[in-house]
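Following: one structure in structure tokens, then a few remarks.
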Amino acid sequence: MSSFDKITGNYTLETLNGACGAGDIRIIASDGDGNIYLHGNLFVIGQLANVKSEVTYVTDNYIRVSSEVEGVPLLNAGLVVDRGDECAVEIRWNENRDRWEFTEDCVTWYPLLGKIQQDLTPNLGGDLKTGCYQIQSTYPCHIVLNPGIDGFLTRGAVEIKEVSPNESIRHTQGSATLFAKAPVDCGDIGLYIKMSDKEQQLVSKRYAAVLSLVL
């Protein structure tokens, strides 16, 4: 059997203060197995709003926090995950830095999303290791390696690593491949260039003079 009551004006359900009537207001539907429907806006005013449910569904597209902030914002806001005996992790908006941050150890904060900006003066902080990959440009652009320059004088160099004598050097038609091998003859500098399927050795002036005397 159900009941339906209509009233006019405001309706207040209140427990009394003091030892005589102090207590909670509980609404129990079907011994805790029923549903409670509230049609209208809900305002919760107090110190704590505690939801203990196994699954929580929210149909809102946006969830707004710190909704009563006025003027210049000063306090950070975000989402905190309690982890029992472990420290609570958090995702927050940092008002001092104007960026999203997250922490995994409750101490160090990292930017959640970095802003992508074009770096007009990139610097390589360590060795560039490409493994078996190629550094390749798009035709008709070239690959230019510029050594360090101090004023108008070159203070750096482009280093060419040595390869095994039995290693097969891959070559792309229409390009020049420069590589080094262990010198074989006296005066041999061990530099080779490959502009086709065959490789040619680069020689120094001294080695060229020796070859001319021999030949």
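By convention in this document, the chains of the structure tokens carry letters A, B, ... by their order, each chain's residues are numbered from 1, and ligands are numbered from 1 in the order they are shown.
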Could you please write out, as an mmCIF file with N, CA and C atoms, in the first residue's frame, every residue of region 95-200 of chain A that DSSP assigns to strand (DSSP E)?
data_model
loop_
_atom_site.group_PDB
_atom_site.id
_atom_site.type_symbol
_atom_site.label_atom_id
_atom_site.label_comp_id
_atom_site.auth_asym_id
_atom_site.auth_seq_id
_atom_site.Cartn_x
_atom_site.Cartn_y
_atom_site.Cartn_z
ATOM 1 N N ARG A 99 48.628 24.844 -15.045
ATOM 2 C CA ARG A 99 48.774 23.611 -15.820
ATOM 3 C C ARG A 99 48.204 22.440 -15.021
ATOM 4 N N TRP A 100 47.854 21.353 -15.747
ATOM 5 C CA TRP A 100 47.426 20.111 -15.118
ATOM 6 C C TRP A 100 48.660 19.352 -14.659
ATOM 7 N N GLU A 101 48.561 18.725 -13.475
ATOM 8 C CA GLU A 101 49.665 17.965 -12.923
ATOM 9 C C GLU A 101 49.163 16.656 -12.332
ATOM 10 N N PHE A 102 50.074 15.708 -12.161
ATOM 11 C CA PHE A 102 49.737 14.465 -11.478
ATOM 12 C C PHE A 102 50.944 14.018 -10.664
ATOM 13 N N THR A 103 50.674 13.210 -9.640
ATOM 14 C CA THR A 103 51.733 12.658 -8.810
ATOM 15 C C THR A 103 51.505 11.169 -8.631
ATOM 16 N N TRP A 109 55.509 16.267 -8.557
ATOM 17 C CA TRP A 109 54.409 16.575 -9.466
ATOM 18 C C TRP A 109 54.947 16.728 -10.882
ATOM 19 N N TYR A 110 54.266 16.063 -11.822
ATOM 20 C CA TYR A 110 54.654 16.116 -13.224
ATOM 21 C C TYR A 110 53.542 16.765 -14.037
ATOM 22 N N PRO A 111 53.886 17.478 -15.103
ATOM 23 C CA PRO A 111 52.839 18.032 -15.970
ATOM 24 C C PRO A 111 52.072 16.920 -16.671
ATOM 25 N N ILE A 149 81.116 25.538 -34.936
ATOM 26 C CA ILE A 149 81.856 26.668 -35.496
ATOM 27 C C ILE A 149 81.982 27.740 -34.421
ATOM 28 N N ASP A 150 83.211 28.207 -34.192
ATOM 29 C CA ASP A 150 83.488 29.284 -33.250
ATOM 30 C C ASP A 150 83.880 30.507 -34.065
ATOM 31 N N LEU A 153 85.733 29.993 -37.526
ATOM 32 C CA LEU A 153 86.634 28.849 -37.541
ATOM 33 C C LEU A 153 85.887 27.600 -37.102
ATOM 34 N N THR A 154 86.125 26.514 -37.795
ATOM 35 C CA THR A 154 85.516 25.244 -37.432
ATOM 36 C C THR A 154 86.233 24.651 -36.226
ATOM 37 N N GLU A 162 83.834 3.329 -37.837
ATOM 38 C CA GLU A 162 84.408 2.244 -38.616
ATOM 39 C C GLU A 162 83.453 1.061 -38.674
ATOM 40 N N VAL A 163 83.401 0.403 -39.831
ATOM 41 C CA VAL A 163 82.562 -0.769 -40.013
ATOM 42 C C VAL A 163 83.459 -1.986 -40.245
ATOM 43 N N THR A 177 77.378 7.345 -50.407
ATOM 44 C CA THR A 177 77.497 6.799 -49.061
ATOM 45 C C THR A 177 78.970 6.785 -48.667
ATOM 46 N N LEU A 178 79.304 7.489 -47.592
ATOM 47 C CA LEU A 178 80.677 7.575 -47.116
ATOM 48 C C LEU A 178 80.807 6.738 -45.845
ATOM 49 N N PHE A 179 81.827 5.871 -45.775
ATOM 50 C CA PHE A 179 82.009 5.027 -44.610
ATOM 51 C C PHE A 179 83.501 4.732 -44.437
ATOM 52 N N ALA A 180 83.843 4.086 -43.330
ATOM 53 C CA ALA A 180 85.242 3.808 -43.020
ATOM 54 C C ALA A 180 85.430 2.333 -42.739
ATOM 55 N N LYS A 181 86.586 1.826 -43.133
ATOM 56 C CA LYS A 181 86.997 0.467 -42.820
ATOM 57 C C LYS A 181 88.425 0.496 -42.302
ATOM 58 N N LEU A 191 89.008 5.327 -45.769
ATOM 59 C CA LEU A 191 87.742 5.963 -46.128
ATOM 60 C C LEU A 191 87.294 5.481 -47.505
ATOM 61 N N TYR A 192 86.005 5.207 -47.606
ATOM 62 C CA TYR A 192 85.449 4.704 -48.857
ATOM 63 C C TYR A 192 84.182 5.482 -49.188
ATOM 64 N N ILE A 193 83.892 5.571 -50.468
ATOM 65 C CA ILE A 193 82.665 6.196 -50.925
ATOM 66 C C ILE A 193 81.974 5.249 -51.888
ATOM 67 N N LYS A 194 80.668 5.168 -51.757
ATOM 68 C CA LYS A 194 79.887 4.264 -52.593
ATOM 69 C C LYS A 194 78.827 5.076 -53.309
ATOM 70 N N GLU A 199 82.283 0.165 -54.493
ATOM 71 C CA GLU A 199 82.846 1.176 -53.614
ATOM 72 C C GLU A 199 84.206 1.608 -54.106
ATOM 73 N N GLN A 200 84.561 2.877 -53.859
ATOM 74 C CA GLN A 200 85.855 3.418 -54.231
ATOM 75 C C GLN A 200 86.527 3.976 -52.989
#
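Minimum distance to Cys87 (chain A) across A:Ile25, A:Leu74, A:Leu113, A:Val107 (counting only C-alpha atoms) occurs at A:Val107.
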Using only C-alpha atoms, which residues sit within 7 Å of region 203-209 of chain A once same-chain residues fewer than 3 positions away are excluded, as a ChimeraX atom specification? /A:187-189,212-213
Next, the residues of the selection above should be written as a compact mmCIF listing (two decimals), in the first residue's frame with N, CA and C atoms.
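Result saved to part23.txt:
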# COMPACT_ATOMS: atom_id res chain seq x y z
N GLY A 187 99.62 3.82 -45.13
CA GLY A 187 99.19 5.10 -45.70
C GLY A 187 97.73 5.14 -46.06
N ASP A 188 97.08 4.01 -46.01
CA ASP A 188 95.66 3.92 -46.33
C ASP A 188 94.85 4.59 -45.19
N ILE A 189 93.98 5.51 -45.55
CA ILE A 189 93.19 6.20 -44.52
C ILE A 189 91.90 5.46 -44.20
N SER A 212 101.42 6.39 -57.09
CA SER A 212 101.93 6.83 -58.39
C SER A 212 103.34 6.31 -58.62
N LEU A 213 104.13 6.22 -57.54
CA LEU A 213 105.49 5.67 -57.68
C LEU A 213 105.44 4.18 -57.98
With distances taken over only C-alpha atoms, which residue among A:Asp185, A:Asp98, A:Asp24, A:Asp31 lies nearest Gln201 (chain A)? A:Asp185
Name all residues at most 8 Å from Asn76 (chain A) (count only C-alpha atoms; drop same-chain ones fewer than 2 positions away) and give them as a VMD selection string. chain A and resid 74 78 92 to 95
